[in-house]
Amino acid sequence: MEIGTIFEIVKNSLLAVKWLNEPQDSFKYNFTLWADVEYLEDFFETHKADITGHFWQMNVEDAVFKVLSEAKEFEADIIEYAEKGDLHDIVFESLRGNKEQEFRRVHVKAYGVSADEKPAMLRMYAVKLGSSYIVTGGAIKLTKSMQERAHTTLELVKLKIVSQYLKENGIDDDSDYGYIEIENK
Amino acid sequence: MATTDQLDKLSKIVGGFERSNWLLEAKARQVNNDEILARQKIAFRILRTLRQTNTSQKQLAEMLAVSPQQVNKWVKGSENFSIGTIMKIQQALNIILIEIVEPKPQMRTTMLFKRTGVYAQVKTVSIAHSVAQKKEVSVARTEKYGKPRRLAYA
């Protein structure tokens, strides 16, 4: 994975990495995938064991339309807050606070908005830089930990690459970093 | 280091941030939500049929004499379907993608008031029925109950 360019989604608050091997910046690309019925149908066929298990208990059709619905709501929320210029306070919410400051890097994930009783499947991952966020990727998360599946493990790798990139370029200040996970409101 | 300083530094390192058009596109999607959902439902139905019948997108393209790229746009849910296209896909895959449903007449309850003070729910009639049809109802009531003193429609 190699960083190509960086896109500014919302001025001074939301940026997104454009990876060289992906067709769009990671923020836009995830919304493209989450609206792509062919991609979603294939994804959930591949991960059928995860969605039909005890936790999710749904079929491929339910899962596809859950993601389509979540993505729509997620996008609507980000539009609203982007227009207010108040994105970081509302869309991203701290789950564990800064208790792991020693990691110095802030890995952030923004949860999708689930309209049903099940938790959201969608995640947008970002590195926190001061009061702004650099989106590194996103995923449909079906398992408890990211390490359990290759596609979410890849997102961890992307976060580390961007963290390392910032460090190598001297954009590195201990006071600006912590370790945050955020969850849906 | 302040966030703006960090962003300025990052911007210089990457040769300036690219401007994203996501917001404009996303707002357009919000306006067309119903249309997009309809396309996605049709796309999903096509995909499931292809999977169940072990038919490839390329085969469907050949059946319809269109390019595989065109079929791929359909199944992604990103392309509008014309009525003609939907009819052809239905025929090729032997499925129903859209169906025109005849509207059911809206029903309302008619109450017949009689001087005797007895209320009776006599029948439900369609709002769509004309005044002439109301007269028919009235006649029917007359035959059954005798001439009504007053006929009120709730």
# chains A, B, ... in the order shown; residues from 1 in each chain; ligands from 1

call {"tool": "interface_residues", "arguments": {"of": "chain A", "to": "chain B", "cutoff": "10 Å", "atoms": "only C-alpha atoms", "output": "PyMOL selection string"}}
result
chain A and resi 3-13+15-18+24-25+27-29+31-33+35-42+60-61+64-65+68-69+72-73+75-76+78-80+82-83+129-132+166+169-176

call {"tool": "atom_distance", "arguments": {"atom1": "atom CA of A:Asn30", "atom2": "atom CA of A:Gly138"}}
result
5.9 Å

call {"tool": "residues_around", "arguments": {"residues": "B:Ala61", "least_positions_apart": "6", "cutoff": "12 Å", "atoms": "only C-alpha atoms", "output": "list in words"}}
result
Leu50, Thr55, Ser67, Pro68, Gln69, Gln70, Val71, Asn72, Lys73, Trp74, Val75, Thr85, Lys88, Ile89, Ala92 and Leu93 of chain B

call {"tool": "atom_distance", "arguments": {"atom1": "atom CA of A:Val135", "atom2": "atom CA of A:Leu159"}}
result
8.6 Å

call {"tool": "closest_residue", "arguments": {"among": "A:Met121, A:Ala150, A:Val127, A:Ile161", "to": "A:Trp19", "atoms": "only C-alpha atoms"}}
result
A:Ile161

call {"tool": "atom_distance", "arguments": {"atom1": "atom CA of A:Val67", "atom2": "atom CA of A:Val157"}}
result
23.5 Å

call {"tool": "closest_residue", "arguments": {"among": "B:Asn80, B:Gln57, B:Gln52, B:Ile100", "to": "B:Ala38", "atoms": "only C-alpha atoms"}}
result
B:Asn80

call {"tool": "select_by_dssp", "arguments": {"residues": "stretch 12-101 of chain B", "states": "alpha helix (DSSP H)", "output": "JSON, numbers by chain"}}
result
{"B": [12, 13, 22, 23, 24, 25, 26, 27, 28, 29, 30, 31, 33, 34, 35, 36, 37, 38, 39, 40, 41, 42, 43, 44, 45, 46, 47, 48, 49, 50, 51, 52, 57, 58, 59, 60, 61, 62, 63, 64, 68, 69, 70, 71, 72, 73, 74, 75, 76, 83, 84, 85, 86, 87, 88, 89, 90, 91, 92, 93]}

call {"tool": "write_last_selection", "arguments": {"atoms": "C-alpha atoms", "output": "compact mmCIF listing (two decimals), in the first residue's frame"}}
result
# COMPACT_ATOMS: atom_id res chain seq x y z
CA LYS B 12 3.34 21.20 1.43
CA ILE B 13 4.77 17.69 1.74
CA TRP B 22 -17.71 14.15 -2.60
CA LEU B 23 -19.99 16.71 -0.93
CA LEU B 24 -21.65 17.75 -4.19
CA GLU B 25 -22.14 14.16 -5.30
CA ALA B 26 -23.40 13.08 -1.90
CA LYS B 27 -25.99 15.84 -1.81
CA ALA B 28 -27.23 14.80 -5.26
CA ARG B 29 -27.58 11.24 -4.01
CA GLN B 30 -29.69 12.39 -1.07
CA VAL B 31 -32.14 14.06 -3.45
CA ASN B 33 -32.67 8.41 -2.74
CA ASP B 34 -35.92 6.72 -3.78
CA GLU B 35 -34.79 6.31 -7.36
CA ILE B 36 -31.43 4.93 -6.27
CA LEU B 37 -33.07 2.42 -3.93
CA ALA B 38 -35.37 1.20 -6.70
CA ARG B 39 -32.36 0.67 -8.99
CA GLN B 40 -30.52 -1.15 -6.22
CA LYS B 41 -33.46 -3.48 -5.62
CA ILE B 42 -33.65 -4.35 -9.31
CA ALA B 43 -29.88 -4.83 -9.45
CA PHE B 44 -29.97 -7.18 -6.48
CA ARG B 45 -32.78 -9.26 -8.01
CA ILE B 46 -30.82 -9.61 -11.24
CA LEU B 47 -27.66 -10.60 -9.38
CA ARG B 48 -29.42 -13.24 -7.29
CA THR B 49 -31.05 -14.70 -10.37
CA LEU B 50 -27.71 -14.84 -12.17
CA ARG B 51 -26.17 -16.58 -9.17
CA GLN B 52 -29.05 -19.05 -8.77
CA GLN B 57 -23.07 -11.25 -16.65
CA LYS B 58 -21.39 -11.88 -19.99
CA GLN B 59 -24.03 -14.47 -20.91
CA LEU B 60 -26.80 -12.06 -19.97
CA ALA B 61 -25.12 -9.41 -22.12
CA GLU B 62 -25.11 -11.82 -25.06
CA MET B 63 -28.77 -12.70 -24.54
CA LEU B 64 -29.68 -9.02 -24.63
CA PRO B 68 -20.88 -6.79 -20.62
CA GLN B 69 -19.95 -3.33 -19.33
CA GLN B 70 -23.57 -2.27 -19.67
CA VAL B 71 -24.77 -5.28 -17.69
CA ASN B 72 -22.14 -4.55 -15.06
CA LYS B 73 -23.48 -1.00 -14.65
CA TRP B 74 -26.97 -2.42 -14.16
CA VAL B 75 -25.94 -4.89 -11.46
CA LYS B 76 -24.00 -2.27 -9.55
CA ILE B 83 -38.86 0.23 -19.21
CA GLY B 84 -37.73 -1.51 -22.41
CA THR B 85 -34.56 -2.72 -20.76
CA ILE B 86 -36.42 -4.06 -17.76
CA MET B 87 -38.85 -5.93 -20.00
CA LYS B 88 -35.98 -7.51 -21.92
CA ILE B 89 -34.19 -8.56 -18.73
CA GLN B 90 -37.40 -10.02 -17.34
CA GLN B 91 -37.89 -12.06 -20.48
CA ALA B 92 -34.27 -13.21 -20.67
CA LEU B 93 -34.13 -14.32 -17.03
